[in-house]
file my_file-v1.cif (mmCIF, C-alpha atoms and all ligand atoms)
data_entry
loop_
_atom_site.label_atom_id
_atom_site.label_comp_id
_atom_site.auth_asym_id
_atom_site.auth_seq_id
_atom_site.Cartn_x
_atom_site.Cartn_y
_atom_site.Cartn_z
CA MET A 1014 0.00 0.00 0.00
CA ASN A 1015 1.46 3.40 -0.87
CA ALA A 1016 1.56 6.27 1.65
CA GLN A 1017 -1.44 8.09 0.14
CA ASP A 1018 -3.64 4.98 0.28
CA ALA A 1019 -2.51 4.26 3.83
CA ILE A 1020 -3.54 7.79 4.89
CA ALA A 1021 -6.89 7.56 3.09
CA ARG A 1022 -7.68 4.19 4.72
CA SER A 1023 -6.54 5.37 8.14
CA ALA A 1024 -8.66 8.53 7.83
CA GLU A 1025 -11.70 6.45 6.92
CA ARG A 1026 -11.26 4.32 10.05
CA VAL A 1027 -10.65 7.32 12.31
CA ARG A 1028 -13.76 9.08 10.94
CA ALA A 1029 -15.83 5.95 11.58
CA CYS A 1030 -14.45 5.85 15.12
CA CYS A 1031 -15.53 9.48 15.66
CA GLY A 1032 -19.16 8.58 14.84
CA GLY A 1033 -21.08 11.75 14.08
CA ARG A 1034 -18.35 14.00 15.52
CA ALA A 1035 -15.87 15.95 13.45
CA PRO A 1036 -13.09 16.92 15.90
CA ARG A 1037 -11.06 19.97 14.91
CA LEU A 1038 -8.42 19.39 17.59
CA ALA A 1039 -6.05 16.53 18.37
CA VAL A 1040 -3.84 16.02 21.41
CA LEU A 1041 -0.64 14.01 21.16
CA LEU A 1042 0.39 12.57 24.53
CA GLY A 1043 4.11 12.18 25.14
CA SER A 1044 6.14 10.67 27.97
CA GLY A 1045 4.47 11.10 31.35
CA TRP A 1046 1.16 12.49 30.04
CA ALA A 1047 -0.78 9.20 30.02
CA ALA A 1048 -3.07 10.47 32.83
CA LEU A 1049 -4.91 12.63 30.29
CA ALA A 1050 -6.06 9.50 28.44
CA GLU A 1051 -8.10 8.52 31.51
CA ARG A 1052 -9.99 11.82 31.39
CA VAL A 1053 -11.25 11.46 27.82
CA ARG A 1054 -15.06 11.21 27.92
CA ASP A 1055 -17.08 8.81 25.73
CA ALA A 1056 -13.80 7.45 24.39
CA VAL A 1057 -13.77 5.00 21.50
CA ALA A 1058 -10.33 3.37 21.23
CA LEU A 1059 -8.52 2.33 18.08
CA PRO A 1060 -5.04 0.73 18.26
CA TYR A 1061 -2.44 2.37 15.99
CA ALA A 1062 -1.71 -1.18 14.72
CA GLU A 1063 -5.09 -1.10 12.92
CA LEU A 1064 -4.27 2.15 11.10
CA PRO A 1065 -1.90 1.54 8.18
CA ALA A 1066 -0.46 5.08 8.20
CA PHE A 1067 0.29 5.01 11.93
CA PRO A 1068 3.63 3.91 13.46
CA VAL A 1069 3.49 1.58 16.46
CA PRO A 1070 5.66 3.02 19.28
CA SER A 1071 8.16 0.80 21.08
CA VAL A 1072 8.84 2.97 24.14
CA PRO A 1073 7.31 2.14 27.57
CA GLY A 1074 4.60 4.69 28.44
CA HIS A 1075 3.60 5.14 24.77
CA ALA A 1076 0.51 2.94 24.40
CA GLY A 1077 -0.07 3.33 20.66
CA THR A 1078 -3.82 3.90 20.95
CA LEU A 1079 -6.04 6.56 19.38
CA LEU A 1080 -9.02 7.73 21.44
CA ALA A 1081 -11.93 9.56 19.84
CA GLY A 1082 -14.02 11.33 22.47
CA SER A 1083 -14.22 14.64 24.27
CA VAL A 1084 -11.68 16.55 26.36
CA GLY A 1085 -12.83 19.48 28.49
CA GLY A 1086 -16.20 19.32 26.68
CA ARG A 1087 -14.66 19.58 23.21
CA ASP A 1088 -14.64 16.83 20.59
CA ALA A 1089 -11.04 15.69 20.22
CA ILE A 1090 -8.80 12.92 18.99
CA VAL A 1091 -6.26 11.89 21.63
CA LEU A 1092 -3.15 10.08 20.45
CA CYS A 1093 -1.60 8.02 23.22
CA GLY A 1094 2.04 7.79 22.27
CA ARG A 1095 4.41 8.67 19.48
CA ARG A 1096 7.18 6.93 17.62
CA HIS A 1097 10.40 8.85 18.11
CA ALA A 1098 12.95 9.45 15.38
CA TYR A 1099 15.51 7.59 17.51
CA GLU A 1100 13.52 4.34 17.34
CA ARG A 1101 14.45 3.65 13.71
CA GLY A 1102 16.30 6.74 12.56
CA GLU A 1103 13.28 8.17 10.70
CA ALA A 1104 12.54 11.87 11.15
CA GLY A 1105 9.26 11.28 9.28
CA ALA A 1106 8.06 8.47 11.57
CA MET A 1107 4.92 10.45 12.50
CA ASN A 1108 4.11 11.85 9.04
CA GLY A 1109 1.34 9.36 8.26
CA LEU A 1110 -0.33 10.02 11.61
CA VAL A 1111 -0.18 13.81 11.20
CA ARG A 1112 -1.46 13.64 7.62
CA THR A 1113 -4.30 11.35 8.65
CA LEU A 1114 -5.38 13.96 11.21
CA ALA A 1115 -5.37 16.65 8.50
CA ALA A 1116 -7.39 14.36 6.20
CA CYS A 1117 -9.96 13.98 9.00
CA GLY A 1118 -10.43 17.77 9.26
CA VAL A 1119 -8.26 18.36 12.34
CA GLU A 1120 -6.96 21.96 12.38
CA VAL A 1121 -5.03 22.17 15.65
CA LEU A 1122 -2.43 19.75 17.03
CA VAL A 1123 -1.62 20.11 20.72
CA GLN A 1124 1.59 18.28 21.58
CA THR A 1125 2.89 17.22 24.97
CA SER A 1126 6.25 15.80 25.99
CA ALA A 1127 8.79 15.51 28.78
CA ALA A 1128 12.00 17.54 28.64
CA GLY A 1129 15.12 18.45 30.55
CA SER A 1130 15.56 22.04 31.77
CA LEU A 1131 18.48 24.27 30.78
CA ASP A 1132 17.24 27.16 32.87
CA ALA A 1133 17.82 27.34 36.64
CA ALA A 1134 14.43 29.04 37.05
CA MET A 1135 12.60 26.07 35.53
CA ARG A 1136 12.76 23.15 37.99
CA PRO A 1137 11.46 19.56 37.67
CA GLY A 1138 7.67 19.63 37.66
CA ALA A 1139 7.54 22.97 35.80
CA LEU A 1140 5.55 23.35 32.59
CA MET A 1141 7.02 25.09 29.54
CA LEU A 1142 5.10 26.30 26.53
CA ILE A 1143 7.27 25.91 23.44
CA ALA A 1144 7.67 29.28 21.71
CA ASP A 1145 10.19 28.14 19.11
CA HIS A 1146 12.62 25.30 18.48
CA LEU A 1147 16.16 24.44 17.48
CA ASN A 1148 16.30 21.47 15.12
CA LEU A 1149 19.74 20.29 16.18
CA VAL A 1150 19.21 16.86 14.64
CA GLN A 1151 19.28 18.64 11.29
CA ARG A 1152 16.92 16.04 9.82
CA SER A 1153 13.55 16.86 8.35
CA PRO A 1154 10.34 14.83 8.06
CA LEU A 1155 9.88 16.54 4.68
CA VAL A 1156 12.88 14.97 2.96
CA GLY A 1157 11.52 13.18 -0.10
CA GLU A 1158 8.60 15.58 -0.68
CA SER A 1159 8.70 16.82 -4.23
CA ASP A 1160 6.52 19.90 -4.61
CA SER A 1161 7.26 23.40 -3.39
CA SER A 1162 4.96 23.05 -0.37
CA ARG A 1163 8.01 21.42 1.28
CA PHE A 1164 9.58 24.87 1.74
CA VAL A 1165 7.52 25.52 4.87
CA ASP A 1166 7.73 28.91 6.58
CA LEU A 1167 8.43 28.25 10.28
CA ARG A 1168 8.38 31.85 11.50
CA GLU A 1169 5.40 30.96 13.67
CA ALA A 1170 5.80 27.22 14.04
CA TYR A 1171 4.00 27.46 17.40
CA ASP A 1172 0.81 29.46 16.97
CA ALA A 1173 0.94 32.86 18.70
CA ARG A 1174 -2.82 33.11 19.26
CA LEU A 1175 -3.01 29.66 20.87
CA ARG A 1176 0.01 30.46 23.03
CA ALA A 1177 -1.60 33.69 24.22
CA ALA A 1178 -4.75 31.73 25.11
CA ALA A 1179 -2.66 29.24 27.10
CA HIS A 1180 -1.03 32.08 29.07
CA THR A 1181 -4.39 33.70 29.81
CA HIS A 1182 -5.82 30.40 31.02
CA ALA A 1183 -2.71 29.71 33.13
CA GLN A 1184 -3.01 33.11 34.84
CA ARG A 1185 -6.70 32.55 35.49
CA CYS A 1186 -5.95 29.17 37.11
CA GLU A 1187 -2.77 30.33 38.88
CA ILE A 1188 -0.62 27.80 37.01
CA ASP A 1189 3.01 28.82 36.57
CA LEU A 1190 3.51 28.54 32.80
CA HIS A 1191 7.02 29.14 31.46
CA GLU A 1192 7.76 29.77 27.81
CA GLY A 1193 10.94 29.08 25.90
CA VAL A 1194 12.93 27.51 23.10
CA TYR A 1195 13.01 23.71 22.81
CA ALA A 1196 16.10 22.01 21.44
CA TRP A 1197 15.53 18.72 19.62
CA MET A 1198 18.30 16.15 20.19
CA LEU A 1199 17.95 12.71 18.58
CA GLY A 1200 18.65 10.60 21.67
CA PRO A 1201 17.95 7.99 22.86
CA GLN A 1202 20.95 8.64 25.10
CA PHE A 1203 20.70 11.70 27.32
CA GLU A 1204 23.05 14.61 26.68
CA THR A 1205 26.53 15.07 28.09
CA PRO A 1206 27.24 18.02 30.43
CA ALA A 1207 29.22 19.65 27.56
CA GLU A 1208 26.21 19.31 25.24
CA ILE A 1209 23.96 20.87 27.88
CA ARG A 1210 26.34 23.86 28.16
CA MET A 1211 26.30 24.15 24.35
CA LEU A 1212 22.49 24.13 24.25
CA GLN A 1213 22.37 26.88 26.90
CA ARG A 1214 24.72 29.02 24.81
CA LEU A 1215 22.61 28.42 21.73
CA GLY A 1216 19.62 29.96 23.49
CA ALA A 1217 17.59 26.84 24.31
CA HIS A 1218 15.59 26.61 27.55
CA ALA A 1219 14.62 22.91 27.39
CA VAL A 1220 15.89 19.81 25.62
CA GLY A 1221 13.99 16.76 24.44
CA MET A 1222 13.85 13.98 21.87
CA SER A 1223 10.53 14.66 20.16
CA THR A 1224 7.97 17.30 19.11
CA VAL A 1225 10.03 19.08 16.43
CA PRO A 1226 9.50 16.62 13.54
CA GLU A 1227 5.77 16.44 14.31
CA THR A 1228 5.57 20.25 14.36
CA ILE A 1229 7.27 20.47 10.96
CA ALA A 1230 4.97 17.79 9.49
CA ALA A 1231 1.92 19.49 11.01
CA ARG A 1232 2.83 22.94 9.63
CA HIS A 1233 3.39 21.32 6.22
CA ALA A 1234 -0.09 19.77 6.48
CA GLY A 1235 -1.58 23.16 7.42
CA LEU A 1236 -2.27 22.42 11.09
CA ARG A 1237 -1.71 25.02 13.81
CA VAL A 1238 0.49 23.76 16.66
CA LEU A 1239 0.54 24.34 20.41
CA ALA A 1240 3.20 22.40 22.33
CA PHE A 1241 4.02 21.86 26.00
CA ALA A 1242 7.10 20.33 27.59
CA LEU A 1243 6.82 19.05 31.14
CA ILE A 1244 10.19 19.47 32.84
CA THR A 1245 11.24 16.20 34.47
CA ASN A 1246 14.87 16.96 35.30
CA MET A 1247 17.62 19.53 35.08
CA GLY A 1248 19.84 18.98 32.04
CA CYS A 1249 22.71 16.55 32.63
CA GLY A 1250 25.36 18.13 34.86
CA LEU A 1251 23.10 20.94 36.16
CA ALA A 1252 21.99 18.85 39.16
CA ASP A 1253 23.16 15.72 40.98
CA GLU A 1254 20.33 13.42 39.87
CA ARG A 1255 20.97 10.47 37.53
CA LEU A 1256 18.82 10.44 34.40
CA SER A 1257 16.73 7.51 33.19
CA HIS A 1258 13.47 6.95 31.33
CA ALA A 1259 11.93 5.55 34.54
CA HIS A 1260 12.85 8.80 36.33
CA THR A 1261 11.31 10.86 33.48
CA ILE A 1262 8.01 8.93 33.68
CA GLU A 1263 7.94 9.04 37.50
CA VAL A 1264 8.50 12.82 37.80
CA ALA A 1265 6.09 13.58 34.94
CA ALA A 1266 3.40 11.34 36.41
CA ALA A 1267 3.65 13.15 39.77
CA ALA A 1268 3.55 16.62 38.17
CA SER A 1269 0.75 15.68 35.81
CA GLU A 1270 -1.69 15.27 38.73
CA ARG A 1271 -1.70 19.07 38.98
CA ILE A 1272 -1.17 19.87 35.32
CA VAL A 1273 -3.49 17.44 33.54
CA PRO A 1274 -6.76 18.86 34.99
CA TRP A 1275 -5.60 22.36 33.96
CA PHE A 1276 -4.62 21.12 30.53
CA GLU A 1277 -8.03 19.47 30.10
CA SER A 1278 -9.82 22.73 30.89
CA LEU A 1279 -7.47 24.62 28.53
CA VAL A 1280 -8.41 22.30 25.64
CA GLY A 1281 -12.06 23.12 26.36
CA THR A 1282 -11.51 26.90 26.30
CA LEU A 1283 -9.25 27.25 23.23
CA ASP A 1284 -10.81 29.44 20.55
CA LEU A 1285 -10.11 27.46 17.37
N1 LIG B 1301 17.14 15.32 27.69
C1 LIG B 1301 16.46 14.90 26.60
N2 LIG B 1301 15.22 14.46 26.67
C2 LIG B 1301 14.61 14.46 27.87
C3 LIG B 1301 15.25 14.89 29.03
C4 LIG B 1301 16.59 15.34 28.93
O1 LIG B 1301 17.24 15.74 29.91
N3 LIG B 1301 14.38 14.75 30.06
C5 LIG B 1301 13.22 14.27 29.52
N4 LIG B 1301 13.36 14.08 28.20
#
call {"tool": "encode", "arguments": {"input": "my_file-v1.cif", "output": "structure tokens"}}
result
Amino acid sequence: MNAQDAIARSAERVRACCGGRAPRLAVLLGSGWAALAERVRDAVALPYAELPAFPVPSVPGHAGTLLAGSVGGRDAIVLCGRRHAYERGEAGAMNGLVRTLAACGVEVLVQTSAAGSLDAAMRPGALMLIADHLNLVQRSPLVGESDSSRFVDLREAYDARLRAAAHTHAQRCEIDLHEGVYAWMLGPQFETPAEIRMLQRLGAHAVGMSTVPETIAARHAGLRVLAFALITNMGCGLADERLSHAHTIEVAAAASERIVPWFESLVGTLDL
């Protein structure tokens, strides 16, 4: 099956799963955000394995299930888990998923992830809104595209109006919402202390192994993007703690008790 057919078939299945609803917003749940999946109302579940355009993740904490339902009172598609570029070396691992969302009429992609902090003022448990990114992997999910739509303008990769709405809602709910630049590193190993110092000098505030390729694919597909990074640790060498995936999931799960209910209400209030 070619990529176009896989997207068309996947979109047909996702639409059927949505019943009479036509969600305009999708939420992609990254490491440590699984608690949101439990708050989806009237959820109908579809395993990624049944969608030919979708990649099946191999990382613990990434279920590989699509939920069609409502979040904060709004019809939404919730994507439990992503495949990372480091799993098979493909920057375009999530292209089929993102393009299926666009084919289903989704207009806004809200991304979530875990990240390390490069900023002493942003401690584990803090929430950062991504204002911009550094693609330090220097790989693109658009390699292989052939028409001129591949030359995507990323001046506003992360939608300014949606970011302003997130800040307003955070103030209203007294949630401390940071904003900064996210540096994409391939992983799966964590950074060295020297790399963390380099990232600080380059102007990044957080570092992670995801989000950027999905943002590029989403902008190419015409979706607006809002993205959050939950800080699970200080960058390597900035604190004494040892880094591990288990530590990432544990810290994110604890912080998400406070953040997930706020996030759910934000999804309900966004003006699409
Ligand atoms: N580096 C990269 N990715 C991460 C980190 C980190 O320190 N923490 C959580 N995801």
call {"tool": "axis_aligned_box", "arguments": {"input": "my_file-v1.cif", "around": "ligand LIG 1301 (chain B)", "padding_each_side": "6 Å", "output": "lines of an AutoDock Vina configuration file"}}
result
center_x = 15.2
center_y = 14.9
center_z = 28.3
size_x = 16.0
size_y = 13.7
size_z = 15.5
call {"tool": "closest_residue", "arguments": {"input": "my_file-v1.cif", "among": "A:Pro1070, A:Gly1094, A:Pro1226, A:Gly1045", "to": "ligand LIG 1301 (chain B)", "atoms": "all atoms listed in the file"}}
result
A:Gly1045
call {"tool": "closest_residue", "arguments": {"input": "my_file-v1.cif", "among": "A:Ala1127, A:Val1121, A:Val1091, A:Val1156", "to": "Ala1259 of chain A", "atoms": "only C-alpha atoms"}}
result
A:Ala1127
call {"tool": "atom_distance", "arguments": {"input": "my_file-v1.cif", "atom1": "atom CA of Arg1210 of chain A", "atom2": "atom CA of Ala1133 of chain A"}}
result
12.5 Å
call {"tool": "closest_residue", "arguments": {"input": "my_file-v1.cif", "among": "A:His1260, A:Arg1163, A:His1182, A:Arg1096", "to": "Phe1276 of chain A", "atoms": "all atoms listed in the file"}}
result
A:His1182
call {"tool": "residues_near_point", "arguments": {"input": "my_file-v1.cif", "point": "(-19.8, 15.4, 12.2)", "cutoff": "12 Å", "atoms": "only C-alpha atoms", "output": "list in words"}}
result
Arg1028, Ala1029, Cys1030, Cys1031, Gly1032, Gly1033, Arg1034, Ala1035, Pro1036, Arg1037, Asp1088, Ala1089, Cys1117, Gly1118 and Val1119 of chain A
call {"tool": "atom_distance", "arguments": {"input": "my_file-v1.cif", "atom1": "atom CA of Gln1184 of chain A", "atom2": "atom CA of Phe1241 of chain A"}}
result
15.9 Å
call {"tool": "closest_residue", "arguments": {"input": "my_file-v1.cif", "among": "A:Leu1149, A:Gly1235, A:Ala1098, A:Ala1207", "to": "Ser1071 of chain A", "atoms": "all atoms listed in the file"}}
result
A:Ala1098
call {"tool": "closest_atom_pairs", "arguments": {"input": "my_file-v1.cif", "of": "chain A", "to": "ligand LIG 1301 (chain B)", "cutoff": "6 Å", "atoms": "only C-alpha atoms and all ligand atoms", "output": "Markdown table"}}
result
| residue | atom | partner | partner_atom | distance |
| --- | --- | --- | --- | --- |
| A:Ala1127 | CA | B:LIG1301 | C5 | 4.7 |
| A:Ala1128 | CA | B:LIG1301 | C5 | 3.6 |
| A:Gly1129 | CA | B:LIG1301 | O1 | 3.5 |
| A:Phe1203 | CA | B:LIG1301 | N1 | 5.1 |
| A:Val1220 | CA | B:LIG1301 | C1 | 5.0 |
| A:Gly1221 | CA | B:LIG1301 | N2 | 3.4 |
| A:Met1222 | CA | B:LIG1301 | N2 | 5.0 |
| A:Thr1245 | CA | B:LIG1301 | N3 | 5.6 |
| A:Asn1246 | CA | B:LIG1301 | N3 | 5.7 |
| A:Gly1248 | CA | B:LIG1301 | O1 | 4.7 |
| A:Thr1261 | CA | B:LIG1301 | C5 | 5.6 |
call {"tool": "closest_residue", "arguments": {"input": "my_file-v1.cif", "among": "A:Ala1039, A:Met1014, A:Cys1093, A:Val1280", "to": "Pro1060 of chain A", "atoms": "all atoms listed in the file"}}
result
A:Cys1093
call {"tool": "closest_residue", "arguments": {"input": "my_file-v1.cif", "among": "A:Leu1059, A:Ala1081, A:Ala1047, A:Ile1229", "to": "Leu1167 of chain A", "atoms": "all atoms listed in the file"}}
result
A:Ile1229
call {"tool": "residues_around", "arguments": {"input": "my_file-v1.cif", "residues": "Thr1078 of chain A", "least_positions_apart": "4", "cutoff": "12 Å", "atoms": "all atoms listed in the file", "output": "count of residues only"}}
result
27
call {"tool": "atom_distance", "arguments": {"input": "my_file-v1.cif", "atom1": "atom CA of Gly1105 of chain A", "atom2": "atom CA of Val1072 of chain A"}}
result
17.0 Å
call {"tool": "residues_near_point", "arguments": {"input": "my_file-v1.cif", "point": "(14.0, 12.8, 21.8)", "cutoff": "7 Å", "atoms": "only C-alpha atoms", "output": "PDB file with C-alpha atoms, in the frame of the given file"}}
result
ATOM      1  CA  HIS A1097      10.400   8.850  18.110  1.00  0.00           C
ATOM      2  CA  TYR A1099      15.510   7.590  17.510  1.00  0.00           C
ATOM      3  CA  TRP A1197      15.530  18.720  19.620  1.00  0.00           C
ATOM      4  CA  MET A1198      18.300  16.150  20.190  1.00  0.00           C
ATOM      5  CA  LEU A1199      17.950  12.710  18.580  1.00  0.00           C
ATOM      6  CA  GLY A1200      18.650  10.600  21.670  1.00  0.00           C
ATOM      7  CA  PRO A1201      17.950   7.990  22.860  1.00  0.00           C
ATOM      8  CA  GLY A1221      13.990  16.760  24.440  1.00  0.00           C
ATOM      9  CA  MET A1222      13.850  13.980  21.870  1.00  0.00           C
ATOM     10  CA  SER A1223      10.530  14.660  20.160  1.00  0.00           C
TER      11      SER A1223
END
call {"tool": "residues_around", "arguments": {"input": "my_file-v1.cif", "residues": "Ile1020 of chain A", "least_positions_apart": "3", "cutoff": "6 Å", "atoms": "all atoms listed in the file", "output": "list in words"}}
result
Gln1017, Ser1023, Ala1024, Ala1066 and Thr1113 of chain A
call {"tool": "residues_around", "arguments": {"input": "my_file-v1.cif", "residues": "Arg1087 of chain A", "least_positions_apart": "4", "cutoff": "9 Å", "atoms": "all atoms listed in the file", "output": "ChimeraX atom specification"}}
result
/A:1036,1038,1082-1083,1280-1282
call {"tool": "decode", "arguments": {"input": "my_file-v1.cif", "residues": "segment 1156-1175 of chain A", "atoms": "N, CA, C and O atoms", "output": "PDB file, in the first residue's frame"}}
result
ATOM      1  N   VAL A1156      11.957  15.478   3.986  1.00  0.00           N
ATOM      2  CA  VAL A1156      12.882  14.970   2.959  1.00  0.00           C
ATOM      3  C   VAL A1156      12.114  13.959   2.102  1.00  0.00           C
ATOM      4  O   VAL A1156      11.412  13.098   2.631  1.00  0.00           O
ATOM      5  N   GLY A1157      12.224  14.098   0.795  1.00  0.00           N
ATOM      6  CA  GLY A1157      11.517  13.185  -0.100  1.00  0.00           C
ATOM      7  C   GLY A1157      10.250  13.787  -0.677  1.00  0.00           C
ATOM      8  O   GLY A1157       9.719  13.285  -1.667  1.00  0.00           O
ATOM      9  N   GLU A1158       9.750  14.883  -0.079  1.00  0.00           N
ATOM     10  CA  GLU A1158       8.600  15.577  -0.677  1.00  0.00           C
ATOM     11  C   GLU A1158       9.076  16.221  -1.967  1.00  0.00           C
ATOM     12  O   GLU A1158      10.231  16.653  -2.068  1.00  0.00           O
ATOM     13  N   SER A1159       8.187  16.337  -2.953  1.00  0.00           N
ATOM     14  CA  SER A1159       8.700  16.822  -4.228  1.00  0.00           C
ATOM     15  C   SER A1159       8.114  18.152  -4.691  1.00  0.00           C
ATOM     16  O   SER A1159       8.678  18.781  -5.569  1.00  0.00           O
ATOM     17  N   ASP A1160       7.020  18.613  -4.088  1.00  0.00           N
ATOM     18  CA  ASP A1160       6.524  19.904  -4.608  1.00  0.00           C
ATOM     19  C   ASP A1160       6.970  21.050  -3.703  1.00  0.00           C
ATOM     20  O   ASP A1160       7.552  20.834  -2.642  1.00  0.00           O
ATOM     21  N   SER A1161       6.665  22.277  -4.127  1.00  0.00           N
ATOM     22  CA  SER A1161       7.261  23.396  -3.392  1.00  0.00           C
ATOM     23  C   SER A1161       6.581  23.659  -2.048  1.00  0.00           C
ATOM     24  O   SER A1161       7.064  24.499  -1.292  1.00  0.00           O
ATOM     25  N   SER A1162       5.537  22.907  -1.715  1.00  0.00           N
ATOM     26  CA  SER A1162       4.959  23.047  -0.368  1.00  0.00           C
ATOM     27  C   SER A1162       5.959  22.591   0.705  1.00  0.00           C
ATOM     28  O   SER A1162       5.792  22.882   1.878  1.00  0.00           O
ATOM     29  N   ARG A1163       7.020  21.881   0.287  1.00  0.00           N
ATOM     30  CA  ARG A1163       8.009  21.417   1.282  1.00  0.00           C
ATOM     31  C   ARG A1163       8.811  22.575   1.881  1.00  0.00           C
ATOM     32  O   ARG A1163       9.437  22.416   2.926  1.00  0.00           O
ATOM     33  N   PHE A1164       8.809  23.718   1.224  1.00  0.00           N
ATOM     34  CA  PHE A1164       9.576  24.868   1.737  1.00  0.00           C
ATOM     35  C   PHE A1164       8.700  25.612   2.753  1.00  0.00           C
ATOM     36  O   PHE A1164       8.194  26.699   2.475  1.00  0.00           O
ATOM     37  N   VAL A1165       8.486  25.002   3.885  1.00  0.00           N
ATOM     38  CA  VAL A1165       7.520  25.518   4.867  1.00  0.00           C
ATOM     39  C   VAL A1165       8.119  26.706   5.630  1.00  0.00           C
ATOM     40  O   VAL A1165       9.257  26.636   6.096  1.00  0.00           O
ATOM     41  N   ASP A1166       7.332  27.748   5.790  1.00  0.00           N
ATOM     42  CA  ASP A1166       7.734  28.913   6.585  1.00  0.00           C
ATOM     43  C   ASP A1166       7.503  28.578   8.059  1.00  0.00           C
ATOM     44  O   ASP A1166       6.379  28.295   8.462  1.00  0.00           O
ATOM     45  N   LEU A1167       8.575  28.597   8.863  1.00  0.00           N
ATOM     46  CA  LEU A1167       8.435  28.249  10.283  1.00  0.00           C
ATOM     47  C   LEU A1167       8.577  29.465  11.200  1.00  0.00           C
ATOM     48  O   LEU A1167       8.944  29.333  12.370  1.00  0.00           O
ATOM     49  N   ARG A1168       8.282  30.656  10.656  1.00  0.00           N
ATOM     50  CA  ARG A1168       8.381  31.855  11.503  1.00  0.00           C
ATOM     51  C   ARG A1168       7.503  31.713  12.742  1.00  0.00           C
ATOM     52  O   ARG A1168       7.879  32.081  13.827  1.00  0.00           O
ATOM     53  N   GLU A1169       6.302  31.156  12.520  1.00  0.00           N
ATOM     54  CA  GLU A1169       5.404  30.960  13.666  1.00  0.00           C
ATOM     55  C   GLU A1169       5.030  29.481  13.739  1.00  0.00           C
ATOM     56  O   GLU A1169       3.873  29.107  13.560  1.00  0.00           O
ATOM     57  N   ALA A1170       6.049  28.664  13.982  1.00  0.00           N
ATOM     58  CA  ALA A1170       5.801  27.220  14.036  1.00  0.00           C
ATOM     59  C   ALA A1170       4.796  26.903  15.145  1.00  0.00           C
ATOM     60  O   ALA A1170       3.966  26.011  15.016  1.00  0.00           O
ATOM     61  N   TYR A1171       4.886  27.660  16.243  1.00  0.00           N
ATOM     62  CA  TYR A1171       4.001  27.463  17.398  1.00  0.00           C
ATOM     63  C   TYR A1171       3.077  28.672  17.459  1.00  0.00           C
ATOM     64  O   TYR A1171       3.528  29.799  17.700  1.00  0.00           O
ATOM     65  N   ASP A1172       1.808  28.419  17.236  1.00  0.00           N
ATOM     66  CA  ASP A1172       0.807  29.455  16.965  1.00  0.00           C
ATOM     67  C   ASP A1172       0.708  30.516  18.079  1.00  0.00           C
ATOM     68  O   ASP A1172       0.439  30.185  19.240  1.00  0.00           O
ATOM     69  N   ALA A1173       0.892  31.784  17.705  1.00  0.00           N
ATOM     70  CA  ALA A1173       0.939  32.862  18.700  1.00  0.00           C
ATOM     71  C   ALA A1173      -0.412  33.044  19.397  1.00  0.00           C
ATOM     72  O   ALA A1173      -0.458  33.300  20.608  1.00  0.00           O
ATOM     73  N   ARG A1174      -1.498  32.900  18.645  1.00  0.00           N
ATOM     74  CA  ARG A1174      -2.822  33.110  19.256  1.00  0.00           C
ATOM     75  C   ARG A1174      -3.121  31.999  20.273  1.00  0.00           C
ATOM     76  O   ARG A1174      -3.621  32.251  21.369  1.00  0.00           O
ATOM     77  N   LEU A1175      -2.777  30.777  19.931  1.00  0.00           N
ATOM     78  CA  LEU A1175      -3.012  29.660  20.867  1.00  0.00           C
ATOM     79  C   LEU A1175      -2.111  29.796  22.095  1.00  0.00           C
ATOM     80  O   LEU A1175      -2.528  29.508  23.220  1.00  0.00           O
TER      81      LEU A1175
END
